[in-house]
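Structure file my_file11.csv (CSV, C-alpha atoms) follows.
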chain,number,residue,atom,x,y,z
A,159,MET,CA,-15.0,3.1,19.9
A,160,ALA,CA,-12.0,4.2,17.9
A,161,ASP,CA,-13.4,4.3,14.4
A,162,LYS,CA,-12.6,7.0,11.9
A,163,LYS,CA,-14.2,10.4,12.3
A,164,PRO,CA,-17.2,11.1,10.0
A,165,ALA,CA,-16.0,12.8,6.8
A,166,GLY,CA,-16.6,16.5,6.6
A,167,LYS,CA,-16.5,17.3,10.3
A,168,GLU,CA,-12.9,18.6,10.3
A,169,ASP,CA,-11.6,21.6,8.5
A,170,VAL,CA,-9.8,20.2,5.4
A,171,ASP,CA,-7.3,23.1,5.6
A,172,LYS,CA,-6.5,22.5,9.2
A,173,TYR,CA,-2.9,21.5,8.7
A,174,LEU,CA,-2.3,24.3,6.2
A,175,LYS,CA,-3.6,27.0,8.4
A,176,GLY,CA,-2.3,25.9,11.8
A,177,ASP,CA,0.8,24.3,13.3
A,178,GLY,CA,-1.0,20.9,13.7
A,179,LEU,CA,-0.3,20.8,17.5
A,180,ASP,CA,-3.3,19.1,19.0
A,181,SER,CA,-2.3,16.8,21.9
A,182,SER,CA,-0.6,18.0,25.0
A,183,ARG,CA,2.5,16.1,24.0
A,184,GLU,CA,2.6,17.8,20.6
A,185,LYS,CA,2.3,21.2,22.3
A,186,GLU,CA,5.0,20.2,24.7
A,187,ILE,CA,7.6,19.3,22.1
A,188,GLY,CA,6.4,21.8,19.6
A,189,GLN,CA,6.1,19.3,16.8
A,190,HIS,CA,3.2,17.5,15.2
A,191,ILE,CA,3.3,13.7,15.6
A,192,GLY,CA,1.9,11.1,13.3
A,193,TYR,CA,-0.2,11.0,10.1
A,194,ARG,CA,-1.9,14.2,9.0
A,195,TYR,CA,-4.7,12.4,7.2
A,196,ASP,CA,-7.0,9.5,7.8
A,197,VAL,CA,-5.2,6.4,6.5
A,198,ASN,CA,-8.4,4.4,6.5
A,199,LEU,CA,-10.3,6.7,4.1
A,200,VAL,CA,-11.3,4.6,1.1
A,201,PRO,CA,-11.4,6.4,-2.3
A,202,ASP,CA,-14.5,7.7,-4.0
A,203,TYR,CA,-14.2,6.3,-7.5
A,204,ASN,CA,-16.5,9.0,-8.9
A,205,ARG,CA,-13.6,11.4,-8.5
A,206,LEU,CA,-11.0,9.7,-10.6
A,207,THR,CA,-9.0,12.1,-12.9
A,208,PRO,CA,-8.5,11.4,-16.6
A,209,PHE,CA,-4.8,10.8,-16.0
A,210,LEU,CA,-5.5,8.2,-13.3
A,211,LYS,CA,-8.1,6.4,-15.6
A,212,LYS,CA,-5.4,6.1,-18.3
A,213,TYR,CA,-2.8,4.9,-15.8
A,214,LEU,CA,-5.1,2.1,-14.6
A,215,GLU,CA,-5.8,1.1,-18.2
A,216,VAL,CA,-2.1,0.9,-19.0
A,217,MET,CA,-1.4,-1.2,-16.0
A,218,GLY,CA,-4.3,-3.5,-16.6
A,219,TRP,CA,-6.0,-2.8,-13.3
A,220,ASP,CA,-9.7,-2.4,-12.6
A,221,ASP,CA,-9.3,0.0,-9.7
A,222,LEU,CA,-6.7,2.2,-8.0
A,223,ASN,CA,-4.8,-0.7,-6.6
A,224,TRP,CA,-1.8,0.5,-4.6
A,225,LEU,CA,-3.0,4.1,-5.0
A,226,GLU,CA,-5.9,3.4,-2.6
A,227,ASP,CA,-3.4,4.0,0.2
A,228,VAL,CA,-2.1,7.3,-1.2
A,229,HIS,CA,-3.5,10.4,0.4
A,230,MET,CA,-2.6,14.1,0.3
A,231,GLY,CA,-0.8,14.9,3.5
A,232,TYR,CA,0.7,18.0,4.9
A,233,GLU,CA,4.4,18.6,5.5
A,234,GLU,CA,5.7,21.7,7.2
A,235,GLY,CA,2.6,23.7,6.3
A,236,ARG,CA,2.5,22.6,2.7
A,237,ALA,CA,0.3,20.1,0.9
A,238,ALA,CA,2.4,17.1,0.0
A,239,VAL,CA,2.3,13.4,-0.9
A,240,PHE,CA,4.4,10.7,0.7
A,241,ASP,CA,6.6,8.8,-1.8
A,242,ARG,CA,7.4,5.3,-0.3
A,243,ASN,CA,10.2,4.8,-2.9
A,244,ILE,CA,12.3,7.6,-1.5
A,245,ASN,CA,10.8,7.6,2.1
A,246,GLY,CA,10.1,11.3,1.8
A,247,TRP,CA,7.5,13.9,1.0
A,248,VAL,CA,6.9,15.4,-2.4
A,249,THR,CA,5.4,18.9,-2.0
A,250,VAL,CA,2.6,20.0,-4.2
A,251,PRO,CA,3.3,23.0,-6.5
A,252,THR,CA,2.4,26.2,-4.7
A,253,ASP,CA,0.4,27.5,-7.6
A,254,LEU,CA,-1.9,24.5,-7.6
A,255,LYS,CA,-5.4,25.4,-6.3
A,256,LEU,CA,-6.4,22.7,-3.8
A,257,PRO,CA,-10.0,21.4,-4.0
A,258,ASP,CA,-12.2,21.9,-0.9
A,259,ASN,CA,-12.4,18.2,0.0
A,260,GLN,CA,-10.0,15.4,1.0
A,261,GLN,CA,-11.3,12.9,-1.7
A,262,ASP,CA,-10.4,15.3,-4.6
A,263,ARG,CA,-7.1,16.2,-2.9
A,264,ASP,CA,-6.3,12.5,-2.7
A,265,MET,CA,-6.8,12.1,-6.4
A,266,ILE,CA,-4.5,15.0,-7.1
A,267,ALA,CA,-1.9,13.5,-4.8
A,268,ARG,CA,-2.1,10.1,-6.6
A,269,GLU,CA,-1.7,11.7,-10.0
A,270,LEU,CA,1.3,13.8,-8.8
A,271,LEU,CA,3.0,10.8,-7.2
A,272,ILE,CA,2.7,8.7,-10.4
A,273,LYS,CA,4.1,11.6,-12.5
A,274,PHE,CA,7.0,12.0,-10.1
A,275,GLN,CA,7.8,8.3,-9.7
A,276,MET,CA,7.8,7.7,-13.5
A,277,SER,CA,9.9,10.8,-14.1
A,278,LYS,CA,13.5,10.5,-15.2
A,279,LYS,CA,14.3,13.0,-12.5
A,280,HIS,CA,13.2,10.7,-9.7
A,281,PRO,CA,16.0,9.8,-7.3
A,282,MET,CA,15.5,6.1,-7.8
A,283,VAL,CA,16.8,6.5,-11.4
A,284,ASP,CA,20.2,7.5,-10.0
A,285,LEU,CA,20.1,4.7,-7.4
A,286,ASN,CA,19.1,2.2,-10.0
A,287,LYS,CA,22.1,3.2,-12.1
A,288,ALA,CA,24.4,3.0,-9.1
A,289,TYR,CA,23.3,-0.2,-7.5
A,290,ARG,CA,21.3,-2.4,-9.9
A,291,LYS,CA,22.7,-5.9,-10.0
A,292,PHE,CA,20.9,-7.4,-13.0
B,9,MET,CA,5.9,25.2,32.2
B,10,ALA,CA,9.1,23.7,33.7
B,11,LEU,CA,8.8,20.8,31.3
B,12,ARG,CA,8.5,23.2,28.3
B,13,THR,CA,11.7,25.0,29.4
B,14,GLN,CA,13.5,21.6,29.8
B,15,SER,CA,12.4,20.5,26.3
B,16,HIS,CA,13.8,23.8,24.9
B,17,GLU,CA,17.1,23.2,26.8
B,18,MET,CA,17.2,19.7,25.3
B,19,GLY,CA,17.0,21.1,21.8
B,20,MET,CA,13.7,19.4,21.1
B,21,HIS,CA,12.4,22.5,19.3
B,22,THR,CA,15.3,22.9,17.1
B,23,GLU,CA,16.1,19.3,16.3
B,24,LYS,CA,14.9,18.4,12.8
B,25,LEU,CA,13.0,15.2,12.8
B,26,SER,CA,12.1,15.1,9.1
B,27,GLY,CA,15.5,13.9,8.0
B,28,ARG,CA,17.7,15.3,5.3
B,29,THR,CA,15.9,17.4,2.7
B,30,GLN,CA,16.9,16.7,-0.8
B,31,GLN,CA,15.5,19.2,-3.4
B,32,ARG,CA,14.5,17.7,-6.7
B,33,PHE,CA,12.4,19.6,-9.1
B,34,PHE,CA,10.2,18.2,-11.8
B,35,SER,CA,7.3,19.5,-13.8
B,36,PRO,CA,4.0,17.6,-13.5
B,37,SER,CA,3.4,18.5,-17.1
B,38,GLU,CA,6.6,16.9,-18.5
B,39,GLU,CA,6.5,13.9,-20.8
B,40,GLU,CA,3.7,11.6,-19.9
B,41,ASN,CA,4.9,8.2,-18.8
B,42,PHE,CA,3.0,5.5,-16.9
B,43,THR,CA,5.8,3.0,-16.2
B,44,TYR,CA,9.1,3.3,-14.3
B,45,PRO,CA,12.0,4.6,-16.2
B,46,GLY,CA,13.9,1.5,-17.3
B,47,ALA,CA,10.9,-0.8,-17.2
B,48,HIS,CA,10.5,-3.3,-20.0
B,49,ASP,CA,8.1,-2.1,-22.7
B,50,VAL,CA,5.7,-5.1,-22.8
B,51,ASP,CA,2.5,-5.7,-24.7
B,52,PHE,CA,-0.3,-7.6,-23.1
B,53,ASN,CA,-1.3,-9.0,-26.5
B,54,LYS,CA,2.1,-10.6,-26.9
B,55,ARG,CA,1.9,-14.0,-25.3
B,56,ALA,CA,4.6,-16.6,-24.3
B,57,GLU,CA,4.4,-20.0,-22.6
B,58,PHE,CA,7.1,-22.1,-21.0
B,59,ASP,CA,7.4,-25.2,-18.9
B,60,ALA,CA,9.2,-24.7,-15.6
B,61,ASP,CA,9.4,-28.4,-14.7
B,62,LYS,CA,13.1,-28.9,-15.3
B,63,LEU,CA,14.2,-25.3,-14.5
B,64,SER,CA,15.7,-24.2,-11.1
B,65,THR,CA,14.3,-21.2,-9.2
B,66,SER,CA,16.9,-18.9,-10.7
B,67,GLU,CA,16.4,-20.1,-14.2
B,68,ILE,CA,12.6,-19.6,-13.9
B,69,ASN,CA,13.0,-16.0,-12.6
B,70,LEU,CA,15.6,-15.2,-15.3
B,71,LYS,CA,13.4,-16.7,-18.0
B,72,LEU,CA,10.6,-14.3,-16.9
B,73,ARG,CA,12.9,-11.4,-17.1
B,74,ASP,CA,14.1,-12.4,-20.5
B,75,LEU,CA,10.6,-12.8,-21.8
B,76,MET,CA,9.7,-9.3,-20.5
B,77,ARG,CA,12.8,-7.9,-22.1
B,78,GLN,CA,11.5,-9.3,-25.4
B,79,GLY,CA,8.3,-7.5,-24.9
B,80,TYR,CA,6.0,-10.3,-23.8
B,81,GLY,CA,3.2,-8.9,-21.7
B,82,THR,CA,1.3,-12.2,-21.1
B,83,ILE,CA,3.3,-15.2,-19.9
B,84,VAL,CA,2.0,-18.6,-19.0
B,85,MET,CA,4.2,-20.7,-16.7
B,86,ARG,CA,3.4,-24.4,-16.5
B,87,ASN,CA,4.5,-27.0,-13.9
B,88,PRO,CA,6.2,-24.6,-11.3
B,89,GLY,CA,6.5,-27.7,-9.1
B,90,ALA,CA,5.9,-25.8,-5.8
B,91,LYS,CA,9.4,-24.4,-6.0
B,92,HIS,CA,10.3,-21.6,-3.6
B,93,ALA,CA,10.8,-17.9,-4.4
B,94,ILE,CA,9.2,-18.0,-7.9
B,95,ALA,CA,8.2,-14.8,-9.7
B,96,VAL,CA,9.8,-12.4,-7.2
B,97,GLY,CA,11.0,-8.9,-7.7
B,98,ILE,CA,9.0,-8.1,-10.9
B,99,LEU,CA,8.9,-4.3,-11.1
B,100,ASN,CA,6.9,-4.3,-14.4
B,101,LYS,CA,3.4,-4.4,-15.7
B,102,LEU,CA,2.8,-8.0,-16.8
B,103,ASN,CA,0.0,-10.6,-16.9
B,104,LEU,CA,1.5,-13.8,-15.5
B,105,GLN,CA,-0.5,-17.0,-15.3
B,106,ILE,CA,0.9,-19.8,-13.2
B,107,GLU,CA,-0.6,-23.2,-13.9
B,108,GLY,CA,0.3,-25.1,-10.7
B,109,SER,CA,1.4,-24.4,-7.1
B,110,LEU,CA,4.2,-22.3,-5.6
B,111,GLY,CA,6.3,-23.1,-2.5
B,112,TYR,CA,7.5,-20.5,0.0
B,113,PHE,CA,7.9,-16.8,-0.7
B,114,GLY,CA,6.3,-16.8,-4.1
B,115,CYS,CA,5.6,-13.5,-5.8
B,116,GLY,CA,7.5,-11.5,-3.2
B,117,LEU,CA,8.5,-7.8,-3.7
B,118,ILE,CA,6.4,-7.4,-6.9
B,119,ASP,CA,5.5,-3.9,-8.1
B,120,GLY,CA,3.0,-3.9,-10.9
B,121,PRO,CA,2.2,-7.4,-12.4
B,122,ASN,CA,-1.2,-9.2,-12.4
B,123,ILE,CA,-0.6,-12.8,-11.3
B,124,HIS,CA,-3.1,-15.6,-11.4
B,125,ILE,CA,-2.2,-18.9,-9.7
B,126,LYS,CA,-4.3,-21.9,-10.4
B,127,GLY,CA,-3.0,-24.0,-7.5
B,128,ARG,CA,-1.9,-23.3,-3.9
B,129,VAL,CA,0.9,-21.2,-2.4
B,130,GLY,CA,3.2,-21.9,0.6
B,131,TRP,CA,4.3,-19.6,3.4
B,132,SER,CA,4.7,-15.9,2.9
B,133,CYS,CA,3.2,-15.5,-0.5
B,134,ALA,CA,3.5,-11.9,-1.8
B,135,GLU,CA,5.7,-10.8,1.1
B,136,ASN,CA,6.4,-7.1,0.8
B,137,MET,CA,4.2,-6.8,-2.3
B,138,LEU,CA,4.1,-3.2,-3.5
B,139,ALA,CA,1.5,-3.0,-6.3
B,140,GLY,CA,-0.4,-5.2,-8.7
B,141,THR,CA,-2.8,-8.1,-8.2
B,142,ILE,CA,-2.4,-11.7,-7.2
B,143,VAL,CA,-5.2,-14.2,-7.3
B,144,ILE,CA,-4.8,-17.7,-5.9
B,145,GLU,CA,-7.5,-20.2,-6.7
B,146,LYS,CA,-6.9,-22.6,-3.9
B,147,ASN,CA,-5.4,-22.4,-0.4
B,148,ALA,CA,-2.4,-20.5,1.0
B,149,GLY,CA,0.0,-21.0,3.9
B,150,SER,CA,0.8,-18.9,6.9
B,151,THR,CA,2.1,-15.3,6.8
B,152,PHE,CA,0.2,-14.7,3.6
B,153,GLY,CA,0.9,-11.1,2.5
B,154,ALA,CA,3.5,-10.5,5.2
B,155,ALA,CA,4.4,-6.7,5.3
B,156,ILE,CA,2.4,-6.1,2.2
B,157,ARG,CA,2.6,-2.4,1.2
B,158,GLY,CA,0.1,-2.2,-1.7
B,159,GLY,CA,-1.9,-3.9,-4.3
B,160,ASP,CA,-4.6,-6.6,-4.1
B,161,LEU,CA,-3.8,-10.1,-2.8
B,162,VAL,CA,-6.6,-12.6,-3.0
B,163,CYS,CA,-6.8,-16.2,-1.9
B,164,LYS,CA,-10.1,-17.8,-2.8
B,165,GLY,CA,-9.6,-20.7,-0.4
B,166,ASP,CA,-8.5,-21.0,3.3
B,167,VAL,CA,-5.3,-19.4,4.6
B,168,GLY,CA,-3.0,-20.3,7.6
B,169,ALA,CA,-2.1,-18.1,10.5
B,170,ARG,CA,-0.8,-14.5,10.7
B,171,VAL,CA,-2.3,-13.3,7.4
B,172,GLY,CA,-1.0,-9.8,6.7
B,173,ILE,CA,1.4,-9.7,9.6
B,174,ASP,CA,2.8,-6.2,9.7
B,175,GLN,CA,0.6,-5.1,6.8
B,176,LYS,CA,1.5,-1.6,5.7
B,177,GLY,CA,-1.0,-1.0,3.0
B,178,GLY,CA,-2.9,-2.7,0.2
B,179,THR,CA,-5.8,-5.1,0.3
B,180,ILE,CA,-5.8,-8.8,1.4
B,181,ILE,CA,-8.9,-10.8,0.6
B,182,VAL,CA,-9.4,-14.3,1.9
B,183,GLY,CA,-12.4,-16.2,0.4
B,184,GLY,CA,-12.4,-18.9,3.2
B,185,ARG,CA,-11.2,-19.1,6.7
B,186,CYS,CA,-8.0,-18.0,8.3
B,187,GLY,CA,-5.9,-18.9,11.3
B,188,ALA,CA,-4.8,-17.1,14.5
B,189,PHE,CA,-3.1,-13.7,14.8
B,190,CYS,CA,-4.2,-12.3,11.4
B,191,GLY,CA,-3.6,-8.6,11.1
B,192,PHE,CA,-0.9,-8.8,13.8
B,193,MET,CA,0.8,-5.4,14.1
B,194,MET,CA,-1.2,-4.1,11.1
B,195,GLN,CA,-0.4,-0.5,10.3
B,196,ARG,CA,-2.6,0.4,7.5
B,197,GLY,CA,-4.5,-1.2,4.5
B,198,ARG,CA,-7.6,-3.4,4.4
B,199,MET,CA,-8.1,-7.1,5.1
B,200,VAL,CA,-11.3,-8.9,4.1
B,201,ILE,CA,-11.9,-12.4,5.5
B,202,LEU,CA,-15.1,-13.8,4.2
B,203,GLY,CA,-15.1,-16.9,6.4
B,204,ASP,CA,-14.2,-17.4,10.0
B,205,ALA,CA,-11.1,-15.8,11.6
B,206,GLY,CA,-8.9,-17.4,14.3
B,207,LYS,CA,-7.9,-16.3,17.7
B,208,ASN,CA,-6.2,-12.9,18.4
B,209,LEU,CA,-7.4,-11.2,15.3
B,210,GLY,CA,-5.8,-7.8,14.8
B,211,ASP,CA,-3.5,-8.2,17.8
B,212,SER,CA,-1.6,-5.0,18.4
B,213,MET,CA,-2.9,-3.4,15.3
B,214,TYR,CA,-1.8,0.2,14.9
B,215,ASP,CA,-4.2,1.2,12.2
B,216,GLY,CA,-5.9,-0.2,9.1
B,217,THR,CA,-9.3,-2.1,8.9
B,218,ILE,CA,-10.3,-5.7,9.0
B,219,TYR,CA,-13.6,-6.9,7.8
B,220,VAL,CA,-14.8,-10.4,8.7
B,221,GLY,CA,-17.8,-12.2,7.2
B,222,GLY,CA,-17.8,-15.3,9.5
B,223,LYS,CA,-17.2,-15.9,13.2
B,224,ILE,CA,-14.3,-14.4,15.0
B,225,ALA,CA,-12.6,-16.8,17.6
B,226,GLY,CA,-11.2,-13.8,19.5
B,227,LEU,CA,-9.9,-10.3,19.2
B,228,GLY,CA,-6.3,-9.5,20.0
B,229,VAL,CA,-5.0,-6.7,22.2
B,230,ASP,CA,-6.3,-3.3,21.1
B,231,ALA,CA,-8.5,-4.6,18.3
B,232,VAL,CA,-12.0,-3.3,18.6
B,233,PRO,CA,-15.2,-3.4,16.6
B,234,GLY,CA,-15.9,-0.4,14.3
B,235,GLU,CA,-19.0,0.7,12.4
B,236,MET,CA,-19.5,-0.2,8.8
B,237,ASN,CA,-20.4,2.9,6.8
B,238,GLU,CA,-21.7,3.4,3.3
B,239,LEU,CA,-18.2,4.1,1.9
B,240,ASP,CA,-17.0,0.8,3.3
B,241,CYS,CA,-19.9,-1.1,1.8
B,242,GLN,CA,-19.5,0.5,-1.6
B,243,TRP,CA,-15.8,-0.1,-1.6
B,244,MET,CA,-16.1,-3.8,-0.6
B,245,GLU,CA,-18.9,-4.5,-3.1
B,246,ARG,CA,-16.7,-3.2,-5.9
B,247,LYS,CA,-13.7,-5.1,-4.7
B,248,LEU,CA,-15.3,-8.4,-4.2
B,249,LYS,CA,-17.1,-8.2,-7.5
B,250,LEU,CA,-13.7,-7.7,-9.2
B,251,TYR,CA,-12.6,-11.2,-8.0
B,252,GLY,CA,-15.9,-13.0,-8.3
B,253,LEU,CA,-16.4,-13.3,-4.5
B,254,LYS,CA,-19.4,-12.7,-2.3
B,255,ALA,CA,-19.9,-12.1,1.5
B,256,PRO,CA,-21.7,-15.2,2.8
B,257,ASN,CA,-24.1,-13.1,4.9
B,258,GLY,CA,-24.1,-9.9,2.9
B,259,ILE,CA,-21.6,-7.1,3.1
B,260,LYS,CA,-23.7,-5.0,5.5
B,261,ASN,CA,-23.6,-7.8,8.1
B,262,MET,CA,-19.8,-8.1,8.1
B,263,THR,CA,-17.9,-7.2,11.2
B,264,LYS,CA,-15.5,-4.4,11.0
B,265,ILE,CA,-12.4,-4.4,13.3
B,266,VAL,CA,-10.2,-1.3,13.8
B,267,ALA,CA,-7.4,-0.3,16.2
B,268,GLY,CA,-8.5,0.9,19.6
B,269,LYS,CA,-5.4,3.1,19.6
B,270,GLN,CA,-4.7,2.4,23.2
B,271,LEU,CA,-1.3,1.1,22.4
B,272,TRP,CA,-0.3,4.3,20.7
B,273,ASN,CA,2.7,5.1,22.8
B,274,TYR,CA,4.5,6.7,20.0
B,275,ASP,CA,3.8,10.1,21.4
B,276,ASN,CA,5.7,9.3,24.5
B,277,LEU,CA,9.0,8.8,22.7
B,278,GLU,CA,11.7,11.4,22.7
B,279,PRO,CA,12.7,12.9,19.3
B,280,SER,CA,16.0,11.0,19.3
B,281,GLU,CA,14.1,7.7,20.0
B,282,LYS,CA,11.7,8.4,17.2
B,283,LYS,CA,14.6,9.0,14.8
B,284,LEU,CA,15.9,5.5,15.5
B,285,ILE,CA,12.5,4.0,14.8
B,286,LEU,CA,12.0,6.1,11.6
Before we go any further, please render this structure as structure tokens.
Amino acid sequence: MADKKPAGKEDVDKYLKGDGLDSSREKEIGQHIGYRYDVNLVPDYNRLTPFLKKYLEVMGWDDLNWLEDVHMGYEEGRAAVFDRNINGWVTVPTDLKLPDNQQDRDMIARELLIKFQMSKKHPMVDLNKAYRKF
Amino acid sequence: MALRTQSHEMGMHTEKLSGRTQQRFFSPSEEENFTYPGAHDVDFNKRAEFDADKLSTSEINLKLRDLMRQGYGTIVMRNPGAKHAIAVGILNKLNLQIEGSLGYFGCGLIDGPNIHIKGRVGWSCAENMLAGTIVIEKNAGSTFGAAIRGGDLVCKGDVGARVGIDQKGGTIIVGGRCGAFCGFMMQRGRMVILGDAGKNLGDSMYDGTIYVGGKIAGLGVDAVPGEMNELDCQWMERKLKLYGLKAPNGIKNMTKIVAGKQLWNYDNLEPSEKKLIL
């Protein structure tokens, strides 16, 4: 049965400490393949940050909505969150102390992603200026 | 060992798979903003109504934009007349109430609004939806929520075939029954079917989770039963309550379907092939 692994069995820092090469194929090509987090992990709503609570209120949503699919991942040995709007990873500031569990890390990733997407420095702002039709 | 040498010679260890890196710096503590730059500043308490009966599809969509530009955060649309491609591409927070039914491709590519539809919807409702909520009071056509990426898509009635085909995120909830090939090539996200599901459920699903409250006519290739855990139950209880829905036989008795991951051939691709796919 290929269900998700029970939470807490894996080292949460696995992809920060090591090279993420698990399968024989990964070892052969020397690169990690695939997601570095459990895409099916549903959020623990007891861990919402004040910023996220305010965001949900502004948007008129009763829960995390699209952010339920946002998780903290790991890119090139650094904690990062995937931004679907730019199809790329946004790395977490190095001075940010990461919590010791994936659920809290996911909440930080959600907050960081919102702040980046709504920033005037987001690449979509330039693309919008260049290509918007109406 | 020979393989490893060969892979080095082919440049697999030096080839960069992650694409071009663009460095952009921003401070998480900069000015707090909860909407996209350039989004219309709308107020949920400012309400507008209009009759769409004599308007074309383009005129209806432009009318919605115009009202948002004027700051209306709650809009009521009457008599949409089952026209196609209504309320598409809304990248704004908004409460939109549609009093009637929509045709094909309604509410596609939306990012943020909360939409309530009193009637039915045709094929491919909420295709490529990114964020927000859509609640449909009656039935929906096939390819409901095709390639949905985020948000909550709810149909309280029955839905046709291929619900959530190529689903890439978000939550789809069907209050009644659904047809064949639902969750086909699903990649992530959650699908909740409170009634019966048709043949080939979850065929070729890559990841994601499907919960079914009724009978399943048959599972597709590589779709296998999973185990409901406490987090699943808590999540679903919250979610269903939001939309006034209940599992007919109780949440704990629902069937969970996940990917068997036997079709995960991705690892066998060469880096150059993966690049083409990405």
Work out how far atom CA of Gly235 of chain A is from atom CA of Leu210 of chain A, in Å to one decimal.
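The value is 26.3 Å.
Interatomic distance, atom CA of Gly268 of chain B to atom CA of Asp202 of chain A: 25.3 Å.
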Rows by chain and residue number, chain A within 8 Å of chain B, shortest pair, only C-alpha atoms, as a Markdown table:
| residue | atom | partner | partner_atom | distance |
| --- | --- | --- | --- | --- |
| A:Met159 | CA | B:Gly234 | CA | 6.7 |
| A:Ala160 | CA | B:Gly268 | CA | 5.1 |
| A:Asp161 | CA | B:Gly234 | CA | 5.3 |
| A:Arg183 | CA | B:Asp275 | CA | 6.7 |
| A:Glu184 | CA | B:Asp275 | CA | 7.8 |
| A:Glu186 | CA | B:Arg12 | CA | 5.8 |
| A:Ile187 | CA | B:Met20 | CA | 6.2 |
| A:Gly188 | CA | B:His21 | CA | 6.0 |
| A:Gln189 | CA | B:His21 | CA | 7.5 |
| A:Ile191 | CA | B:Asp275 | CA | 6.8 |
| A:Val197 | CA | B:Arg196 | CA | 6.6 |
| A:Asn198 | CA | B:Gly216 | CA | 5.8 |
| A:Val200 | CA | B:Leu239 | CA | 7.0 |
| A:Pro201 | CA | B:Trp243 | CA | 7.9 |
| A:Asp202 | CA | B:Leu239 | CA | 7.8 |
| A:Tyr213 | CA | B:Phe42 | CA | 5.9 |
| A:Val216 | CA | B:Phe42 | CA | 7.2 |
| A:Met217 | CA | B:Lys101 | CA | 5.8 |
| A:Gly218 | CA | B:Asn122 | CA | 7.7 |
| A:Trp219 | CA | B:Gly140 | CA | 7.6 |
| A:Asp220 | CA | B:Leu250 | CA | 7.5 |
| A:Asn223 | CA | B:Gly159 | CA | 4.9 |
| A:Trp224 | CA | B:Gly158 | CA | 4.4 |
| A:Leu225 | CA | B:Gly158 | CA | 7.8 |
| A:Glu226 | CA | B:Gly178 | CA | 7.4 |
| A:Asp227 | CA | B:Gly177 | CA | 6.2 |
| A:Leu270 | CA | B:Pro36 | CA | 6.6 |
| A:Ile272 | CA | B:Phe42 | CA | 7.3 |
| A:Lys273 | CA | B:Pro36 | CA | 6.1 |
| A:Phe274 | CA | B:Phe34 | CA | 7.2 |
| A:Gln275 | CA | B:Tyr44 | CA | 6.9 |
| A:Met276 | CA | B:Tyr44 | CA | 4.7 |
| A:Ser277 | CA | B:Pro45 | CA | 6.9 |
| A:Lys278 | CA | B:Pro45 | CA | 6.2 |
| A:Lys279 | CA | B:Phe34 | CA | 6.7 |
| A:His280 | CA | B:Arg32 | CA | 7.7 |
| A:Val283 | CA | B:Pro45 | CA | 7.0 |
Of A:Val228, A:Asp221, A:Ile244, A:Lys185, the one sitting nearest Leu206 of chain A when using all atoms listed in the file is A:Asp221
Could you please determine the separation between atom CA of Ile94 of chain B and atom CA of His48 of chain B in Å, to one decimal place?
19.1 Å
Residue nearest Asp241 of chain A - candidates A:Lys212, A:Arg268, A:Lys255, A:Arg290, atoms counted: only C-alpha atoms:
A:Arg268
Determine, counting all atoms listed in the file, which protein, DNA and RNA residues have an atom within 9 Å of an atom of Asn53 of chain B; residues of the same chain fewer than 5 positions away are not included. Present the result as a PyMOL selection string.
chain B and resi 80-82
Write the selection just made, keeping C-alpha atoms, as a CSV table (one decimal), keeping the file's coordinate frame?
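File written: part04.csv
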chain,number,residue,atom,x,y,z
B,80,TYR,CA,6.0,-10.3,-23.8
B,81,GLY,CA,3.2,-8.9,-21.7
B,82,THR,CA,1.3,-12.2,-21.1
Could you list, as a count of residues only, every residue within 10 Å of Ile68 of chain B, counting all atoms listed in the file and ignoring same-chain residues fewer than 2 positions away?
20
